[in-house]
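S.K.: Got a file for you: protein04.cif, mmCIF, C-alpha atoms.
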data_data
#
loop_
_atom_site.label_atom_id
_atom_site.label_comp_id
_atom_site.auth_asym_id
_atom_site.auth_seq_id
_atom_site.Cartn_x
_atom_site.Cartn_y
_atom_site.Cartn_z
CA MET C 21 57.91 21.72 -31.43
CA GLY C 22 55.64 24.00 -33.41
CA ALA C 23 52.37 23.94 -35.30
CA ASP C 24 49.99 26.22 -37.19
CA THR C 25 46.36 26.61 -36.10
CA ARG C 26 44.24 26.07 -39.21
CA ALA C 27 41.76 23.19 -39.51
CA THR C 28 40.22 22.71 -42.96
CA GLU C 29 37.22 20.94 -44.44
CA ASP C 30 38.42 20.63 -48.04
CA THR C 31 38.73 24.25 -49.12
CA ILE C 32 36.93 25.82 -46.17
CA VAL C 33 38.67 26.85 -42.96
CA ALA C 34 36.70 25.02 -40.29
CA ASP C 35 38.70 26.28 -37.31
CA LYS C 36 40.92 29.35 -37.48
CA ASN C 37 42.59 28.66 -34.17
CA CYS C 38 42.66 24.98 -33.35
CA SER C 39 45.28 23.37 -31.14
CA LYS C 40 47.50 20.85 -32.90
CA ILE C 41 50.00 20.22 -30.14
CA HIS C 42 48.53 17.41 -28.05
CA TYR C 43 49.39 16.35 -24.51
CA ILE C 44 50.67 12.83 -24.06
CA ALA C 45 52.45 13.11 -20.72
CA PRO C 46 53.84 16.01 -18.64
CA ASN C 47 57.15 15.50 -20.43
CA ILE C 48 55.85 14.32 -23.83
CA TYR C 49 53.82 16.23 -26.43
CA CYS C 50 52.67 15.27 -29.90
CA CYS C 51 51.87 17.44 -32.95
CA GLY C 52 49.27 15.96 -35.25
CA ALA C 53 48.66 16.39 -38.98
CA GLY C 54 46.09 14.60 -41.10
CA THR C 55 42.53 13.86 -40.07
CA ALA C 56 41.77 15.94 -36.97
CA ALA C 57 39.63 13.28 -35.31
CA ASP C 58 42.29 10.62 -35.89
CA THR C 59 45.10 12.72 -34.41
CA GLU C 60 42.97 13.79 -31.43
CA MET C 61 41.64 10.35 -30.57
CA THR C 62 44.91 8.55 -31.17
CA THR C 63 46.94 10.92 -29.00
CA ASN C 64 44.28 10.85 -26.27
CA MET C 65 44.28 7.06 -26.28
CA ILE C 66 48.05 6.74 -26.07
CA SER C 67 48.13 9.48 -23.41
CA SER C 68 45.73 7.43 -21.32
CA GLN C 69 47.76 4.25 -21.84
CA ILE C 70 50.95 6.09 -20.87
CA GLU C 71 49.33 7.42 -17.70
CA LEU C 72 48.25 3.94 -16.64
CA HIS C 73 51.72 2.65 -17.45
CA ARG C 74 53.26 5.45 -15.41
CA LEU C 75 51.13 4.50 -12.40
CA ASN C 76 52.10 0.88 -12.89
CA THR C 77 55.85 1.51 -13.19
CA GLY C 78 56.19 4.52 -10.90
CA ARG C 79 58.54 6.12 -13.41
CA THR C 80 58.44 9.15 -15.74
CA PRO C 81 57.19 7.90 -19.10
CA ARG C 82 59.72 7.49 -21.89
CA VAL C 83 59.25 9.00 -25.36
CA CYS C 84 60.18 5.73 -27.04
CA THR C 85 57.27 4.07 -25.23
CA ALA C 86 54.81 6.55 -26.69
CA ASN C 87 56.46 6.00 -30.07
CA ARG C 88 56.03 2.22 -29.85
CA LEU C 89 52.41 2.46 -28.71
CA LEU C 90 51.56 4.92 -31.50
CA LYS C 91 53.24 2.99 -34.29
CA GLN C 92 51.85 -0.38 -33.25
CA PHE C 93 48.36 1.11 -33.10
CA LEU C 94 48.61 2.86 -36.47
CA PHE C 95 50.18 -0.16 -38.21
CA ARG C 96 47.30 -2.31 -37.05
CA TYR C 97 44.98 -0.05 -39.06
CA HIS C 98 47.23 -0.09 -42.14
CA GLY C 99 47.05 3.62 -42.81
CA TYR C 100 43.28 3.93 -42.53
CA ILE C 101 43.79 6.06 -39.44
CA SER C 102 45.15 9.15 -41.12
CA ALA C 103 47.35 10.46 -38.32
CA ALA C 104 50.77 11.87 -39.21
CA LEU C 105 52.45 12.75 -35.95
CA VAL C 106 55.50 14.57 -34.67
CA LEU C 107 56.27 13.20 -31.23
CA GLY C 108 58.71 14.93 -28.94
CA GLY C 109 59.74 14.87 -25.30
CA VAL C 110 62.42 14.62 -22.68
CA ASP C 111 62.88 11.69 -20.31
CA THR C 112 65.59 10.34 -18.03
CA THR C 113 67.43 8.91 -21.06
CA GLY C 114 67.56 12.16 -22.97
CA SER C 115 65.56 14.23 -25.47
CA TYR C 116 63.90 12.68 -28.50
CA LEU C 117 62.02 13.68 -31.65
CA TYR C 118 60.09 11.20 -33.76
CA SER C 119 57.96 11.43 -36.87
CA ILE C 120 55.22 8.82 -37.14
CA HIS C 121 53.50 8.15 -40.45
CA PRO C 122 49.89 6.89 -40.84
CA HIS C 123 51.03 3.42 -41.91
CA GLY C 124 53.13 3.03 -38.78
CA SER C 125 56.70 3.82 -39.83
CA THR C 126 58.75 6.00 -37.51
CA ASP C 127 61.90 8.05 -37.88
CA LYS C 128 64.10 9.33 -35.09
CA LEU C 129 65.65 12.57 -36.35
CA PRO C 130 67.06 15.92 -35.24
CA TYR C 131 64.33 17.75 -37.18
CA VAL C 132 61.08 16.59 -38.79
CA THR C 133 58.03 18.10 -40.46
CA MET C 134 54.62 16.64 -41.33
CA GLY C 135 51.49 17.81 -43.09
CA SER C 136 50.72 19.77 -46.25
CA GLY C 137 53.11 22.54 -45.30
CA SER C 138 55.89 20.07 -44.46
CA LEU C 139 57.97 20.79 -47.58
CA ALA C 140 57.93 24.54 -46.95
CA ALA C 141 58.82 24.00 -43.28
CA MET C 142 61.48 21.41 -44.11
CA ALA C 143 63.12 23.84 -46.56
CA VAL C 144 63.54 26.29 -43.66
CA PHE C 145 64.92 23.57 -41.40
CA GLU C 146 67.39 22.32 -44.00
CA ASP C 147 68.57 25.87 -44.46
CA GLY C 148 68.89 26.86 -40.82
CA PHE C 149 69.42 23.76 -38.69
CA LYS C 150 72.66 23.44 -36.77
CA ALA C 151 73.62 20.95 -34.08
CA GLU C 152 73.62 22.37 -30.54
CA MET C 153 71.52 25.50 -31.20
CA GLU C 154 70.63 27.87 -28.40
CA LYS C 155 67.02 27.87 -27.18
CA GLU C 156 66.21 31.30 -28.67
CA GLU C 157 67.75 30.34 -32.00
CA ALA C 158 65.82 27.08 -32.10
CA MET C 159 62.55 28.83 -31.23
CA LYS C 160 63.07 31.29 -34.06
CA LEU C 161 63.87 28.49 -36.51
CA VAL C 162 60.72 26.54 -35.62
CA ARG C 163 58.65 29.73 -35.78
CA ASP C 164 60.10 30.53 -39.23
CA ALA C 165 59.45 26.99 -40.46
CA ILE C 166 55.79 27.12 -39.40
CA ALA C 167 55.51 30.63 -40.88
CA ALA C 168 56.81 29.30 -44.21
CA GLY C 169 53.97 26.77 -44.14
CA ILE C 170 51.40 29.37 -43.07
CA PHE C 171 52.24 31.82 -45.84
CA ASN C 172 53.10 29.44 -48.69
CA ASP C 173 50.73 26.52 -48.12
CA LEU C 174 46.96 26.92 -48.41
CA GLY C 175 46.33 24.07 -45.98
CA SER C 176 48.10 25.94 -43.20
CA GLY C 177 47.35 29.32 -41.69
CA SER C 178 46.60 31.65 -38.78
CA ASN C 179 48.93 31.49 -35.77
CA VAL C 180 52.12 29.75 -34.70
CA ASP C 181 51.96 27.63 -31.54
CA LEU C 182 55.16 26.48 -29.87
CA CYS C 183 55.90 23.87 -27.24
CA ILE C 184 59.34 23.80 -25.67
CA ILE C 185 60.12 20.71 -23.59
CA THR C 186 63.20 20.68 -21.42
CA LYS C 187 64.39 18.48 -18.58
CA ASP C 188 62.87 20.72 -15.93
CA LYS C 189 59.78 22.24 -17.52
CA VAL C 190 57.45 22.56 -20.48
CA GLU C 191 56.55 25.88 -22.07
CA TYR C 192 53.31 25.59 -23.99
CA LEU C 193 53.18 28.88 -25.90
CA ARG C 194 49.81 29.22 -27.54
CA PRO C 195 49.80 31.51 -29.42
CA TYR C 196 53.49 32.19 -29.86
CA ASP C 197 53.08 34.38 -32.93
CA GLU C 198 49.75 35.75 -34.13
CA ALA C 199 50.81 36.28 -37.70
CA ASN C 200 47.35 36.75 -39.23
CA LEU C 201 45.37 39.15 -37.08
CA LYS C 202 42.08 40.37 -38.50
CA GLY C 203 42.26 43.98 -39.65
CA VAL C 204 40.92 46.51 -37.18
CA ARG C 205 38.11 48.63 -38.55
CA GLN C 206 39.33 52.19 -38.91
CA GLY C 207 36.03 54.06 -38.56
CA ASN C 208 32.96 53.91 -36.37
CA TYR C 209 29.97 53.10 -38.54
CA ARG C 210 27.30 53.49 -35.89
CA TYR C 211 24.70 56.17 -36.44
CA LYS C 212 25.17 58.98 -33.96
CA LYS C 213 22.49 59.63 -31.35
CA GLY C 214 20.09 62.19 -32.75
CA THR C 215 20.20 60.93 -36.34
CA THR C 216 16.66 59.77 -35.84
CA ALA C 217 14.61 62.54 -34.22
CA VAL C 218 12.79 61.55 -31.02
CA LEU C 219 9.26 63.00 -31.11
CA LYS C 220 7.78 61.55 -27.92
CA LYS C 221 9.05 59.60 -24.89
CA GLU C 222 6.84 57.49 -22.65
CA VAL C 223 7.97 55.40 -19.64
CA VAL C 224 5.66 52.53 -18.67
CA LYS C 225 6.19 50.27 -15.67
CA SER C 226 5.69 46.54 -16.39
CA MET C 227 2.98 45.14 -14.09
CA PHE C 228 4.17 41.80 -12.72
CA GLU C 229 1.71 39.51 -10.96
CA VAL C 230 2.90 37.45 -7.95
CA VAL C 231 1.98 33.86 -8.77
CA LYS C 232 3.58 31.93 -5.91
CA THR C 233 5.75 32.55 -2.82
CA GLN C 234 7.97 29.71 -1.58
CA VAL C 235 10.51 29.52 1.26
CA LYS C 236 13.32 26.91 0.97
CA THR C 237 16.43 26.10 3.03
CA THR C 238 19.77 26.39 1.21
CA LYS C 239 21.79 24.06 3.46
CA PRO C 240 23.25 21.26 1.24
CA GLU C 241 22.15 17.76 2.10
CA SER C 242 24.81 15.31 3.22
CA MET C 243 26.20 12.97 0.52
CA ASP C 244 24.67 9.52 0.32
CA THR C 245 27.61 7.19 0.86
CA THR C 246 25.66 3.93 1.05
CA MET D 19 42.83 10.26 -90.55
CA GLU D 20 43.00 9.76 -86.84
CA THR D 21 45.25 12.11 -84.95
CA GLN D 22 47.15 10.95 -81.93
CA PHE D 23 46.92 13.09 -78.88
CA THR D 24 49.65 13.39 -76.31
CA THR D 25 48.64 11.34 -73.30
CA GLU D 26 51.89 11.09 -71.41
CA PHE D 27 55.59 11.43 -71.81
CA TRP D 28 58.64 9.42 -70.88
CA ARG D 29 61.74 11.48 -71.35
CA ASN D 30 61.66 13.84 -68.54
CA GLY D 31 63.56 16.82 -67.25
CA PRO D 32 63.28 16.96 -63.49
CA THR D 33 61.39 19.66 -61.72
CA PRO D 34 63.33 22.81 -62.48
CA GLY D 35 64.58 24.95 -59.68
CA GLY D 36 63.54 28.46 -58.99
CA LEU D 37 64.07 31.50 -61.08
CA TYR D 38 65.00 34.76 -59.58
CA GLN D 39 63.90 38.27 -60.28
CA PHE D 40 66.68 40.72 -59.80
CA PRO D 41 68.84 41.01 -61.88
CA GLY D 42 67.17 38.15 -63.73
CA GLN D 43 68.37 34.65 -63.13
CA GLY D 44 67.29 31.22 -64.05
CA ASN D 45 68.55 27.82 -63.09
CA ASN D 46 67.90 24.20 -63.83
CA GLN D 47 69.28 20.85 -62.84
CA LYS D 48 71.22 18.90 -65.38
CA VAL D 49 69.65 15.47 -65.14
CA SER D 50 67.11 13.92 -67.48
CA GLN D 51 65.03 10.96 -66.43
CA TYR D 52 63.64 7.97 -68.18
CA GLY D 53 60.96 7.07 -65.69
CA PRO D 54 62.67 6.89 -62.32
CA ALA D 55 66.11 6.20 -63.76
CA LYS D 56 68.55 8.97 -64.49
CA HIS D 57 69.05 8.86 -68.23
CA THR D 58 71.43 11.67 -69.04
CA LEU D 59 73.53 13.39 -66.45
CA ASN D 60 74.56 16.44 -68.37
CA LEU D 61 71.50 18.04 -69.88
CA SER D 62 70.98 21.73 -70.38
CA ARG D 63 67.49 23.05 -69.87
CA LEU D 64 68.37 26.72 -70.04
CA MET D 65 68.39 28.55 -73.31
CA LYS D 66 69.74 31.97 -74.14
CA VAL D 67 67.36 33.50 -76.67
CA ASN D 68 69.22 36.79 -77.01
CA ASP D 69 71.01 39.29 -74.83
CA SER D 70 67.85 40.29 -73.03
CA THR D 71 65.94 37.00 -72.78
CA ILE D 72 66.41 33.51 -71.38
CA ILE D 73 64.16 30.48 -71.14
CA GLY D 74 64.22 27.57 -68.71
CA ALA D 75 62.26 24.40 -69.36
CA GLY D 76 60.83 21.47 -67.44
CA GLY D 77 58.82 18.46 -68.54
CA ASP D 78 59.24 16.58 -71.79
CA TYR D 79 62.69 17.13 -73.22
CA ALA D 80 61.69 16.33 -76.79
CA ASP D 81 59.01 19.01 -76.73
CA TYR D 82 61.57 21.43 -75.35
CA GLN D 83 64.01 20.57 -78.13
CA PHE D 84 61.28 21.17 -80.68
CA LEU D 85 60.51 24.61 -79.26
CA LYS D 86 64.20 25.41 -78.82
CA SER D 87 64.94 24.93 -82.52
CA LEU D 88 61.75 26.82 -83.40
CA ILE D 89 62.79 29.79 -81.27
CA GLU D 90 66.38 29.68 -82.58
CA GLN D 91 65.09 29.78 -86.14
CA ARG D 92 62.83 32.74 -85.37
CA VAL D 93 65.70 34.62 -83.70
CA ILE D 94 67.79 34.10 -86.84
CA GLU D 95 64.91 35.45 -88.96
CA GLU D 96 64.69 38.49 -86.67
CA GLU D 97 68.40 39.10 -87.08
CA CYS D 98 68.08 38.80 -90.85
CA LEU D 99 65.41 41.52 -90.89
CA ASN D 100 67.99 43.73 -89.18
CA ASP D 101 65.48 46.38 -88.20
CA GLY D 102 66.76 47.02 -84.69
CA PHE D 103 63.95 44.97 -83.16
CA ASN D 104 64.67 41.80 -81.21
CA TYR D 105 62.68 39.43 -79.07
CA THR D 106 62.06 40.92 -75.65
CA PRO D 107 61.16 38.74 -72.66
CA ASN D 108 57.58 40.02 -72.76
CA SER D 109 57.10 39.38 -76.47
CA LEU D 110 58.53 35.87 -76.21
CA TYR D 111 56.41 35.20 -73.13
CA SER D 112 53.23 36.32 -74.91
CA TRP D 113 54.06 34.24 -78.00
CA LEU D 114 54.91 31.16 -75.96
CA THR D 115 51.71 31.46 -73.92
CA ARG D 116 49.66 31.55 -77.11
CA VAL D 117 51.50 28.52 -78.52
CA MET D 118 51.01 26.48 -75.34
CA TYR D 119 47.36 27.40 -74.93
CA ASN D 120 46.62 26.74 -78.58
CA ARG D 121 48.20 23.26 -78.43
CA ARG D 122 46.25 22.50 -75.24
CA SER D 123 43.00 23.64 -76.88
CA ASN D 124 43.60 21.08 -79.61
CA PHE D 125 44.26 18.30 -77.09
CA ASN D 126 47.87 18.02 -78.22
CA PRO D 127 49.89 19.84 -75.60
CA LEU D 128 53.59 20.46 -75.43
CA TRP D 129 54.17 18.74 -72.12
CA ASN D 130 56.38 21.41 -70.63
CA VAL D 131 56.61 24.14 -68.09
CA PHE D 132 58.59 27.20 -69.06
CA VAL D 133 60.15 30.04 -67.16
CA VAL D 134 60.91 33.14 -69.23
CA GLY D 135 63.26 35.72 -67.77
CA GLY D 136 65.17 38.78 -68.74
CA LEU D 137 65.19 42.55 -68.86
CA GLN D 138 62.25 44.37 -70.39
CA ASN D 139 63.03 48.07 -70.92
CA GLY D 140 65.64 47.86 -68.22
CA GLU D 141 63.14 46.31 -65.77
CA PRO D 142 63.50 42.70 -64.62
CA PHE D 143 60.94 40.32 -66.13
CA LEU D 144 60.00 36.85 -64.93
CA GLY D 145 57.15 34.72 -66.26
CA TYR D 146 55.79 31.19 -65.91
CA ILE D 147 53.97 29.19 -68.63
CA ASP D 148 52.28 25.83 -68.20
CA LYS D 149 51.42 23.00 -70.57
CA ILE D 150 47.79 24.10 -70.26
CA GLY D 151 48.61 27.72 -70.98
CA ILE D 152 48.51 29.06 -67.43
CA ALA D 153 50.75 32.11 -67.47
CA TYR D 154 51.71 34.57 -64.80
CA GLN D 155 54.48 36.91 -63.79
CA ALA D 156 55.96 37.25 -60.32
CA PRO D 157 59.20 38.40 -58.67
CA THR D 158 59.99 34.78 -57.81
CA ILE D 159 59.00 31.69 -59.75
CA ALA D 160 59.58 28.03 -59.05
CA THR D 161 58.20 24.95 -60.79
CA GLY D 162 57.78 21.35 -59.77
CA TYR D 163 59.25 20.52 -56.38
CA GLY D 164 60.78 23.97 -56.38
CA ALA D 165 57.30 25.40 -55.86
CA TYR D 166 57.05 23.59 -52.53
CA ILE D 167 60.63 23.76 -51.34
CA ALA D 168 62.38 26.71 -52.99
CA GLN D 169 59.48 29.17 -53.38
CA PRO D 170 59.00 29.81 -49.62
CA LEU D 171 62.73 30.51 -49.29
CA LEU D 172 62.85 32.71 -52.40
CA ARG D 173 59.78 34.68 -51.36
CA GLU D 174 61.22 35.34 -47.92
CA ALA D 175 64.55 36.43 -49.38
CA TYR D 176 62.84 38.71 -51.90
CA GLU D 177 60.51 40.27 -49.32
CA LYS D 178 63.42 40.97 -47.00
CA ASN D 179 65.48 42.61 -49.74
CA PRO D 180 63.73 43.33 -53.06
CA ASN D 181 66.80 45.10 -54.42
CA MET D 182 69.44 42.53 -53.72
CA SER D 183 72.74 42.30 -55.56
CA LEU D 184 73.68 39.66 -58.13
CA THR D 185 75.95 37.86 -55.67
CA ASP D 186 73.15 37.72 -53.10
CA ALA D 187 70.72 36.37 -55.69
CA GLU D 188 73.21 33.70 -56.79
CA ARG D 189 73.75 32.76 -53.16
CA HIS D 190 69.99 32.34 -52.61
CA ILE D 191 69.66 30.23 -55.75
CA ASP D 192 72.54 28.03 -54.63
CA ARG D 193 70.93 27.63 -51.21
CA CYS D 194 67.63 26.61 -52.79
CA LEU D 195 69.19 24.14 -55.21
CA LYS D 196 71.24 22.61 -52.39
CA ILE D 197 68.05 22.01 -50.40
CA LEU D 198 66.32 20.66 -53.51
CA TYR D 199 69.20 18.22 -53.90
CA TYR D 200 68.63 17.11 -50.28
CA ARG D 201 64.91 16.71 -50.61
CA ASP D 202 64.08 15.84 -54.25
CA ALA D 203 64.74 12.15 -54.79
CA ARG D 204 65.07 12.67 -58.54
CA SER D 205 67.79 15.30 -58.41
CA LEU D 206 71.52 15.71 -58.93
CA ASN D 207 74.01 18.04 -57.37
CA LYS D 208 74.67 19.82 -60.63
CA TYR D 209 72.93 22.87 -62.04
CA GLU D 210 73.18 25.81 -64.41
CA VAL D 211 72.33 29.44 -63.82
CA ALA D 212 71.27 31.91 -66.49
CA ILE D 213 71.83 35.57 -65.69
CA VAL D 214 70.55 38.57 -67.62
CA THR D 215 72.03 41.99 -66.92
CA LYS D 216 72.05 45.22 -68.89
CA ASP D 217 75.37 44.05 -70.35
CA GLY D 218 73.89 40.87 -71.81
CA SER D 219 72.96 37.35 -70.83
CA ILE D 220 75.02 34.29 -70.00
CA VAL D 221 74.39 30.73 -68.88
CA LYS D 222 76.78 29.76 -66.10
CA GLY D 223 77.43 26.15 -65.40
CA PRO D 224 77.75 23.40 -64.42
CA ILE D 225 77.74 24.39 -60.76
CA SER D 226 77.68 22.05 -57.78
CA SER D 227 76.52 23.26 -54.39
CA ASN D 228 78.22 22.18 -51.14
CA PRO D 229 75.86 19.91 -49.24
CA ASN D 230 76.31 19.63 -45.50
CA TRP D 231 76.01 16.09 -44.18
CA GLU D 232 77.00 16.86 -40.56
CA VAL D 233 73.49 15.93 -39.48
CA ALA D 234 74.18 12.32 -40.48
CA LYS D 235 76.17 11.82 -37.27
CA MET D 236 73.06 12.48 -35.20
CA ILE D 237 70.95 9.83 -36.91
CA LYS D 238 70.96 6.23 -35.74
CA GLY D 239 68.08 3.80 -36.02
CA TYR D 240 64.46 4.72 -36.40
CA GLU D 241 63.04 4.49 -32.89
#
Is it possible to express this structure as structure tokens?
M.R.:
Amino acid sequence: MGADTRATEDTIVADKNCSKIHYIAPNIYCCGAGTAADTEMTTNMISSQIELHRLNTGRTPRVCTANRLLKQFLFRYHGYISAALVLGGVDTTGSYLYSIHPHGSTDKLPYVTMGSGSLAAMAVFEDGFKAEMEKEEAMKLVRDAIAAGIFNDLGSGSNVDLCIITKDKVEYLRPYDEANLKGVRQGNYRYKKGTTAVLKKEVVKSMFEVVKTQVKTTKPESMDTT
Amino acid sequence: METQFTTEFWRNGPTPGGLYQFPGQGNNQKVSQYGPAKHTLNLSRLMKVNDSTIIGAGGDYADYQFLKSLIEQRVIEEECLNDGFNYTPNSLYSWLTRVMYNRRSNFNPLWNVFVVGGLQNGEPFLGYIDKIGIAYQAPTIATGYGAYIAQPLLREAYEKNPNMSLTDAERHIDRCLKILYYRDARSLNKYEVAIVTKDGSIVKGPISSNPNWEVAKMIKGYE
């Protein structure tokens, strides 16, 4: 799963390096497009529900559970919660990828894109997706898809973050590709020492007045467990 | 006398595909729409002006037909003058921009988007003109859905290899139109390509790309 790192307030870039890949469970992550607050709060809420469920069941959470919780929540608000999510993870049943729209519809697909740069990214996926790709190949494809959004869509920009979830581990690569580094200034514009002539130097010691002397013990008090 | 101003249009050419820079290619899908229904399935939206210039059109088909006959008539007049001068891509582009902007300024636009392509003094030329007179030139141009779907692909291909061969360019165009067929709900798997080389210009078509539906096996249900 991949994402760019630009957060916008209309035409202004509010955050040049925000994190759009949200934690749901150790084996489930969710990318969020749309209103930042909605994606953040919704994913946090479902993450908390999943954790409680995990403690209740004693099992690794399933991706379809997160999908159900998210869609039932979003449908209840009839699209007013503007969260367009890409949910992905691996559980005991297998690996899954879902796209969840603000009104509550979900799709279970081999590749999905959401957000303003979704058409640019989807074009790259449609061009390069193959079944049973190698990990490196897949990483490059996702990186290229996000890059297409970053460079061709004004709502996307800055870096590429990746999150690779496998049966055994999760690689949260942030940043994976810093494609828009700020230019390094070529020259040193500071005035050299001696530009302003020093005519006189005077060293004066600051006179501090002792106001109060206090001695205290530093042993921590025992915790009140009543 | 009250004049009627264009407020909307019905007969529609779908969002044209991308146009390519080197050696100078254009392409368009062959379907015309009446609202959301496909009206005609064999429409040409590419026009060969002369051996160095081609035009592709999107938007209202009637307005395109009007301009097409206007341009054809002017080309005939040029030929009659027989002074060795012909329309070049740049001259046609400038003229068309003025026409479009002038109509817009009188609140009676030609509801089209045009892509002008060809060879100007041996150099590839590619220009875009809007119904409101926005005009610009670029190595890659795409209108409508093409701007969102094909443009990123075309830009990447061009940046990787600005001096690609004709076969490579045709391959990229085919790739883009295939993906547009996947992703544009108002599209058909049938298109034309216009190519301008130093030897002249031709409109190739109709061409169908080869869509790959292997991914369908992996999709079952929605959750």
S.K.: What would the selection look like, as an NGL selection string, if the PyMOL selection byres ((chain C) within 9 of (chain D)) were run on the coordinates I just shared?
M.R.: :C and (84 or 87-88 or 118 or 125-130 or 137-144 or 146-147 or 149-151 or 168-169 or 171-173)
S.K.: Deliver the residues from the most recent selection as a file, using C-alpha atoms, as an mmCIF file, in the coordinates of the input.
M.R.:
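Once written, result.cif looks like this:
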data_model
loop_
_atom_site.group_PDB
_atom_site.id
_atom_site.type_symbol
_atom_site.label_atom_id
_atom_site.label_comp_id
_atom_site.auth_asym_id
_atom_site.auth_seq_id
_atom_site.Cartn_x
_atom_site.Cartn_y
_atom_site.Cartn_z
ATOM 1 C CA CYS C 84 60.180 5.730 -27.040
ATOM 2 C CA ASN C 87 56.460 6.000 -30.070
ATOM 3 C CA ARG C 88 56.030 2.220 -29.850
ATOM 4 C CA TYR C 118 60.090 11.200 -33.760
ATOM 5 C CA SER C 125 56.700 3.820 -39.830
ATOM 6 C CA THR C 126 58.750 6.000 -37.510
ATOM 7 C CA ASP C 127 61.900 8.050 -37.880
ATOM 8 C CA LYS C 128 64.100 9.330 -35.090
ATOM 9 C CA LEU C 129 65.650 12.570 -36.350
ATOM 10 C CA PRO C 130 67.060 15.920 -35.240
ATOM 11 C CA GLY C 137 53.110 22.540 -45.300
ATOM 12 C CA SER C 138 55.890 20.070 -44.460
ATOM 13 C CA LEU C 139 57.970 20.790 -47.580
ATOM 14 C CA ALA C 140 57.930 24.540 -46.950
ATOM 15 C CA ALA C 141 58.820 24.000 -43.280
ATOM 16 C CA MET C 142 61.480 21.410 -44.110
ATOM 17 C CA ALA C 143 63.120 23.840 -46.560
ATOM 18 C CA VAL C 144 63.540 26.290 -43.660
ATOM 19 C CA GLU C 146 67.390 22.320 -44.000
ATOM 20 C CA ASP C 147 68.570 25.870 -44.460
ATOM 21 C CA PHE C 149 69.420 23.760 -38.690
ATOM 22 C CA LYS C 150 72.660 23.440 -36.770
ATOM 23 C CA ALA C 151 73.620 20.950 -34.080
ATOM 24 C CA ALA C 168 56.810 29.300 -44.210
ATOM 25 C CA GLY C 169 53.970 26.770 -44.140
ATOM 26 C CA PHE C 171 52.240 31.820 -45.840
ATOM 27 C CA ASN C 172 53.100 29.440 -48.690
ATOM 28 C CA ASP C 173 50.730 26.520 -48.120
#
S.K.: Give as a PDB file with C-alpha atoms, keeping the file's coordinate frame each residue that has an atom at most 10 Å from (62.4, 34.2, -69.9) in the file, counting all atoms listed in the file.
M.R.:
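Output file selection36.pdb is given in full below:
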ATOM      1  CA  LEU D  37      64.070  31.500 -61.080  1.00  0.00           C
ATOM      2  CA  GLY D  42      67.170  38.150 -63.730  1.00  0.00           C
ATOM      3  CA  GLN D  43      68.370  34.650 -63.130  1.00  0.00           C
ATOM      4  CA  GLY D  44      67.290  31.220 -64.050  1.00  0.00           C
ATOM      5  CA  LEU D  64      68.370  26.720 -70.040  1.00  0.00           C
ATOM      6  CA  MET D  65      68.390  28.550 -73.310  1.00  0.00           C
ATOM      7  CA  LYS D  66      69.740  31.970 -74.140  1.00  0.00           C
ATOM      8  CA  VAL D  67      67.360  33.500 -76.670  1.00  0.00           C
ATOM      9  CA  SER D  70      67.850  40.290 -73.030  1.00  0.00           C
ATOM     10  CA  THR D  71      65.940  37.000 -72.780  1.00  0.00           C
ATOM     11  CA  ILE D  72      66.410  33.510 -71.380  1.00  0.00           C
ATOM     12  CA  ILE D  73      64.160  30.480 -71.140  1.00  0.00           C
ATOM     13  CA  GLY D  74      64.220  27.570 -68.710  1.00  0.00           C
ATOM     14  CA  ALA D  75      62.260  24.400 -69.360  1.00  0.00           C
ATOM     15  CA  THR D 106      62.060  40.920 -75.650  1.00  0.00           C
ATOM     16  CA  PRO D 107      61.160  38.740 -72.660  1.00  0.00           C
ATOM     17  CA  ASN D 108      57.580  40.020 -72.760  1.00  0.00           C
ATOM     18  CA  SER D 109      57.100  39.380 -76.470  1.00  0.00           C
ATOM     19  CA  LEU D 110      58.530  35.870 -76.210  1.00  0.00           C
ATOM     20  CA  TYR D 111      56.410  35.200 -73.130  1.00  0.00           C
ATOM     21  CA  PHE D 132      58.590  27.200 -69.060  1.00  0.00           C
ATOM     22  CA  VAL D 133      60.150  30.040 -67.160  1.00  0.00           C
ATOM     23  CA  VAL D 134      60.910  33.140 -69.230  1.00  0.00           C
ATOM     24  CA  GLY D 135      63.260  35.720 -67.770  1.00  0.00           C
ATOM     25  CA  GLY D 136      65.170  38.780 -68.740  1.00  0.00           C
ATOM     26  CA  LEU D 137      65.190  42.550 -68.860  1.00  0.00           C
ATOM     27  CA  PHE D 143      60.940  40.320 -66.130  1.00  0.00           C
ATOM     28  CA  LEU D 144      60.000  36.850 -64.930  1.00  0.00           C
ATOM     29  CA  GLY D 145      57.150  34.720 -66.260  1.00  0.00           C
ATOM     30  CA  TYR D 146      55.790  31.190 -65.910  1.00  0.00           C
ATOM     31  CA  ILE D 147      53.970  29.190 -68.630  1.00  0.00           C
ATOM     32  CA  ALA D 212      71.270  31.910 -66.490  1.00  0.00           C
ATOM     33  CA  VAL D 214      70.550  38.570 -67.620  1.00  0.00           C
TER      34      VAL D 214
END
S.K.: Would you compute the distance between atom CA of D:Tyr105 and atom CA of D:Ile89? Give it in Å to one decimal.
M.R.: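 Answer for the atom CA of D:Tyr105 to atom CA of D:Ile89 separation: 9.9 Å.
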S.K.: Measuring between only C-alpha atoms, which one of D:Lys149, D:Tyr199, D:Leu172, D:Asp78 shows the shortest distance to D:Ala187?
M.R.: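 Closest candidate: D:Leu172.
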S.K.: Taking all atoms of stretch 71-85 of chain C that appear in the file, build a box with edges along x, y and z, extend it by 6 Å on every side, and state its centre and edge lengths in Å to one decimal, as lines of an AutoDock Vina configuration file.
M.R.:
center_x = 54.2
center_y = 5.0
center_z = -19.0
size_x = 23.9
size_y = 20.3
size_z = 28.1
